[in-house]
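Q: mmCIF, C-alpha atoms, file data_19.cif:
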```
data_my_file
#
loop_
_atom_site.group_PDB
_atom_site.id
_atom_site.type_symbol
_atom_site.label_atom_id
_atom_site.label_comp_id
_atom_site.auth_asym_id
_atom_site.auth_seq_id
_atom_site.Cartn_x
_atom_site.Cartn_y
_atom_site.Cartn_z
ATOM 1 C CA MET A 1399 60.754 314.919 104.121
ATOM 2 C CA ALA A 1400 61.828 313.663 100.723
ATOM 3 C CA LYS A 1401 65.477 313.781 99.758
ATOM 4 C CA ASN A 1402 65.100 314.333 96.053
ATOM 5 C CA THR A 1403 62.625 314.920 93.283
ATOM 6 C CA GLN A 1404 62.681 311.277 92.182
ATOM 7 C CA GLU A 1405 61.131 310.248 95.498
ATOM 8 C CA ILE A 1406 58.409 312.860 95.019
ATOM 9 C CA ILE A 1407 57.670 311.672 91.483
ATOM 10 C CA ASN A 1408 57.442 308.062 92.659
ATOM 11 C CA SER A 1409 55.234 308.893 95.654
ATOM 12 C CA GLU A 1410 51.585 307.840 95.737
ATOM 13 C CA ARG A 1411 50.461 311.394 96.507
ATOM 14 C CA PHE A 1412 52.095 312.760 93.347
ATOM 15 C CA LYS A 1413 50.720 309.944 91.205
ATOM 16 C CA LYS A 1414 47.201 310.561 92.560
ATOM 17 C CA LEU A 1415 47.552 314.278 91.850
ATOM 18 C CA VAL A 1416 48.601 313.644 88.247
ATOM 19 C CA MET A 1417 45.754 311.153 87.767
ATOM 20 C CA LYS A 1418 43.234 313.597 89.221
ATOM 21 C CA ARG A 1419 44.455 316.389 86.920
ATOM 22 C CA TRP A 1420 44.139 314.142 83.878
ATOM 23 C CA LEU A 1421 40.667 313.024 84.962
ATOM 24 C CA VAL A 1422 39.401 316.585 85.449
ATOM 25 C CA SER A 1423 40.946 317.708 82.154
ATOM 26 C CA PHE A 1424 39.528 314.713 80.304
ATOM 27 C CA LEU A 1425 36.004 315.164 81.691
ATOM 28 C CA LEU A 1426 35.904 318.880 80.914
ATOM 29 C CA THR A 1427 37.246 318.240 77.412
ATOM 30 C CA MET A 1428 34.609 315.567 76.817
ATOM 31 C CA PHE A 1429 31.855 317.960 77.928
ATOM 32 C CA LEU A 1430 33.184 320.569 75.512
ATOM 33 C CA PHE A 1431 33.307 318.048 72.660
ATOM 34 C CA ILE A 1432 29.744 316.954 73.424
ATOM 35 C CA PHE A 1433 28.519 320.564 73.339
ATOM 36 C CA TYR A 1434 30.459 321.498 70.216
ATOM 37 C CA TYR A 1435 29.925 318.359 68.157
ATOM 38 C CA GLY A 1436 26.316 318.179 69.310
ATOM 39 C CA TYR A 1437 25.812 321.641 67.859
ATOM 40 C CA ILE A 1438 27.631 320.691 64.662
ATOM 41 C CA GLY A 1439 25.517 317.519 64.464
ATOM 42 C CA ILE A 1440 22.338 319.562 64.735
ATOM 43 C CA ILE A 1441 23.601 321.806 61.948
ATOM 44 C CA GLY A 1442 24.267 318.770 59.769
ATOM 45 C CA TYR A 1443 21.230 316.639 60.523
ATOM 46 C CA ASN A 1444 18.402 318.852 61.788
ATOM 47 C CA LYS A 1445 18.499 322.222 60.075
ATOM 48 C CA GLU A 1446 14.763 322.640 60.565
ATOM 49 C CA LEU A 1447 15.270 322.891 64.326
ATOM 50 C CA LEU A 1448 17.789 325.691 63.875
ATOM 51 C CA LYS A 1449 15.341 327.725 61.790
ATOM 52 C CA PHE A 1450 12.884 328.000 64.681
ATOM 53 C CA LYS A 1451 12.427 331.721 65.432
ATOM 54 C CA ILE A 1452 12.932 333.170 68.886
ATOM 55 C CA GLY A 1453 11.655 336.695 68.746
ATOM 56 C CA GLU A 1454 11.596 338.734 65.567
ATOM 57 C CA TYR A 1455 15.241 338.576 64.479
ATOM 58 C CA THR A 1456 16.830 335.614 66.256
ATOM 59 C CA ASN A 1457 16.588 331.908 65.631
ATOM 60 C CA ILE A 1458 17.485 328.980 67.867
ATOM 61 C CA GLY A 1459 20.675 328.282 65.877
ATOM 62 C CA ILE A 1460 22.183 331.569 66.999
ATOM 63 C CA VAL A 1461 21.134 330.944 70.593
ATOM 64 C CA LEU A 1462 22.674 327.457 70.548
ATOM 65 C CA GLY A 1463 25.884 328.808 68.994
ATOM 66 C CA VAL A 1464 26.196 331.410 71.727
ATOM 67 C CA GLY A 1465 25.395 328.655 74.227
ATOM 68 C CA VAL A 1466 28.352 326.601 72.996
ATOM 69 C CA ILE A 1467 30.661 329.584 73.447
ATOM 70 C CA LEU A 1468 29.298 330.295 76.916
ATOM 71 C CA ALA A 1469 29.611 326.614 77.839
ATOM 72 C CA SER A 1470 33.295 326.675 76.890
ATOM 73 C CA TRP A 1471 33.820 329.739 79.078
ATOM 74 C CA PHE A 1472 31.963 328.052 81.935
ATOM 75 C CA LEU A 1473 34.104 324.912 81.637
ATOM 76 C CA THR A 1474 37.210 327.108 81.731
ATOM 77 C CA VAL A 1475 35.936 328.780 84.913
ATOM 78 C CA VAL A 1476 35.274 325.351 86.439
ATOM 79 C CA TYR A 1477 38.837 324.260 85.670
ATOM 80 C CA VAL A 1478 40.376 327.467 87.029
ATOM 81 C CA PHE A 1479 38.293 327.220 90.201
ATOM 82 C CA TRP A 1480 39.307 323.587 90.694
ATOM 83 C CA ALA A 1481 42.968 324.353 89.997
ATOM 84 C CA ASN A 1482 43.057 327.297 92.395
ATOM 85 C CA SER A 1483 41.153 325.584 95.189
ATOM 86 C CA SER A 1484 42.584 322.077 95.053
ATOM 87 C CA TYR A 1485 45.358 321.396 92.570
ATOM 88 C CA ASP A 1486 47.633 324.366 93.289
ATOM 89 C CA LYS A 1487 47.476 323.800 97.056
ATOM 90 C CA THR A 1488 48.519 320.187 96.666
ATOM 91 C CA VAL A 1489 51.344 321.141 94.301
ATOM 92 C CA GLU A 1490 52.651 323.673 96.836
ATOM 93 C CA GLU A 1491 52.557 321.055 99.608
ATOM 94 C CA ILE A 1492 54.475 318.612 97.438
ATOM 95 C CA LYS A 1493 57.028 321.300 96.480
ATOM 96 C CA LYS A 1494 57.725 321.970 100.154
ATOM 97 C CA ASN A 1495 58.962 318.384 100.489
ATOM 98 C CA ILE A 1496 61.701 318.808 97.874
ATOM 99 C CA ASN A 1497 65.237 319.392 99.115
ATOM 100 C CA PHE A 1498 67.769 320.915 96.765
#
```
Translate this structure into structure tokens?

A:
Amino acid sequence: MAKNTQEIINSERFKKLVMKRWLVSFLLTMFLFIFYYGYIGIIGYNKELLKFKIGEYTNIGIVLGVGVILASWFLTVVYVFWANSSYDKTVEEIKKNINF
């Protein structure tokens, strides 16, 4: 059992946890940027694609815009699921090793 928080912070387990959190956050952020800036790029460079009608009143631009919003929600759900199933459990185990 660790004697103080400095030992916990310097431990390999804590460093791996921090690195894993940054990796998951970075990957999910990159996916979101790809979705968002991909959509913005289509708006800027291929407006003809966005005019394509789907049904009587909707075009593909609206569908893609809603898709970007739904993708951001999905990525949030992925992060919350990962945090609840993996990250939070590891944090609790590490906190148990701290003596005050």

Q: Which residue, A:Arg1411, A:Leu1468, A:Leu1462, A:Val1476, has the smallest gap to Ile1440 in chain A when you use only C-alpha atoms?

A: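 Smallest distance to Ile1440 in chain A is found for A:Leu1462.
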
Q: Pick out the closest residue to Gly1442 in chain A from this set: A:Gly1459, A:Lys1414, A:Phe1429, A:Phe1472. Count all atoms listed in the file.

A: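 The answer is A:Gly1459, which sits nearest to Gly1442 in chain A.
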
Q: So what do you get for CA of Trp1471 in chain A versus CA of Ile1441 in chain A, distance-wise?

A: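 Atom-to-atom, CA of Trp1471 in chain A and CA of Ile1441 in chain A are spaced 21.5 Å apart.
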
Q: Kindly give the distance, in Å, that separates CA of Gly1453 in chain A and CA of Phe1433 in chain A, rounded to a single decimal.

A: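 A separation of 23.8 Å between them.
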
Q: Just the number, please: distance in Å from CA of Leu1430 in chain A to CA of Trp1480 in chain A, one decimal.

A: 16.6 Å

Q: I want to know what sits within 10 Å of Leu1426 in chain A, based on only C-alpha atoms, with residues of the same chain fewer than 6 positions away left out; could you give that as a PyMOL selection string?

A: chain A and resi 1420+1432+1470+1473-1474+1476-1477

Q: Store the residues picked out above in a file with C-alpha atoms, as a PDB file, keeping the file's coordinate frame.

A:
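Saved as again.pdb:
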```pdb
ATOM      1  CA  TRP A1420      44.139 314.142  83.878  1.00  0.00           C
ATOM      2  CA  ILE A1432      29.744 316.954  73.424  1.00  0.00           C
ATOM      3  CA  SER A1470      33.295 326.675  76.890  1.00  0.00           C
ATOM      4  CA  LEU A1473      34.104 324.912  81.637  1.00  0.00           C
ATOM      5  CA  THR A1474      37.210 327.108  81.731  1.00  0.00           C
ATOM      6  CA  VAL A1476      35.274 325.351  86.439  1.00  0.00           C
ATOM      7  CA  TYR A1477      38.837 324.260  85.670  1.00  0.00           C
TER       8      TYR A1477
END
```

Q: Go through A:Val1461, A:Val1466, A:Thr1403, A:Glu1410 one by one, measure the shortest atom-to-atom distance of each to Ile1438 in chain A using only C-alpha atoms, and give the residue with the smallest value.

A: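 The shortest atom-to-atom distance to Ile1438 in chain A comes from A:Val1466.
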
Q: Return as a list in words the set of residues that the PyMOL selection byres ((chain A and resi 1448) around 7) yields on the displayed structure.

A: Lys1445, Glu1446, Leu1447, Lys1449, Phe1450, Asn1457, Ile1458 and Gly1459 of chain A
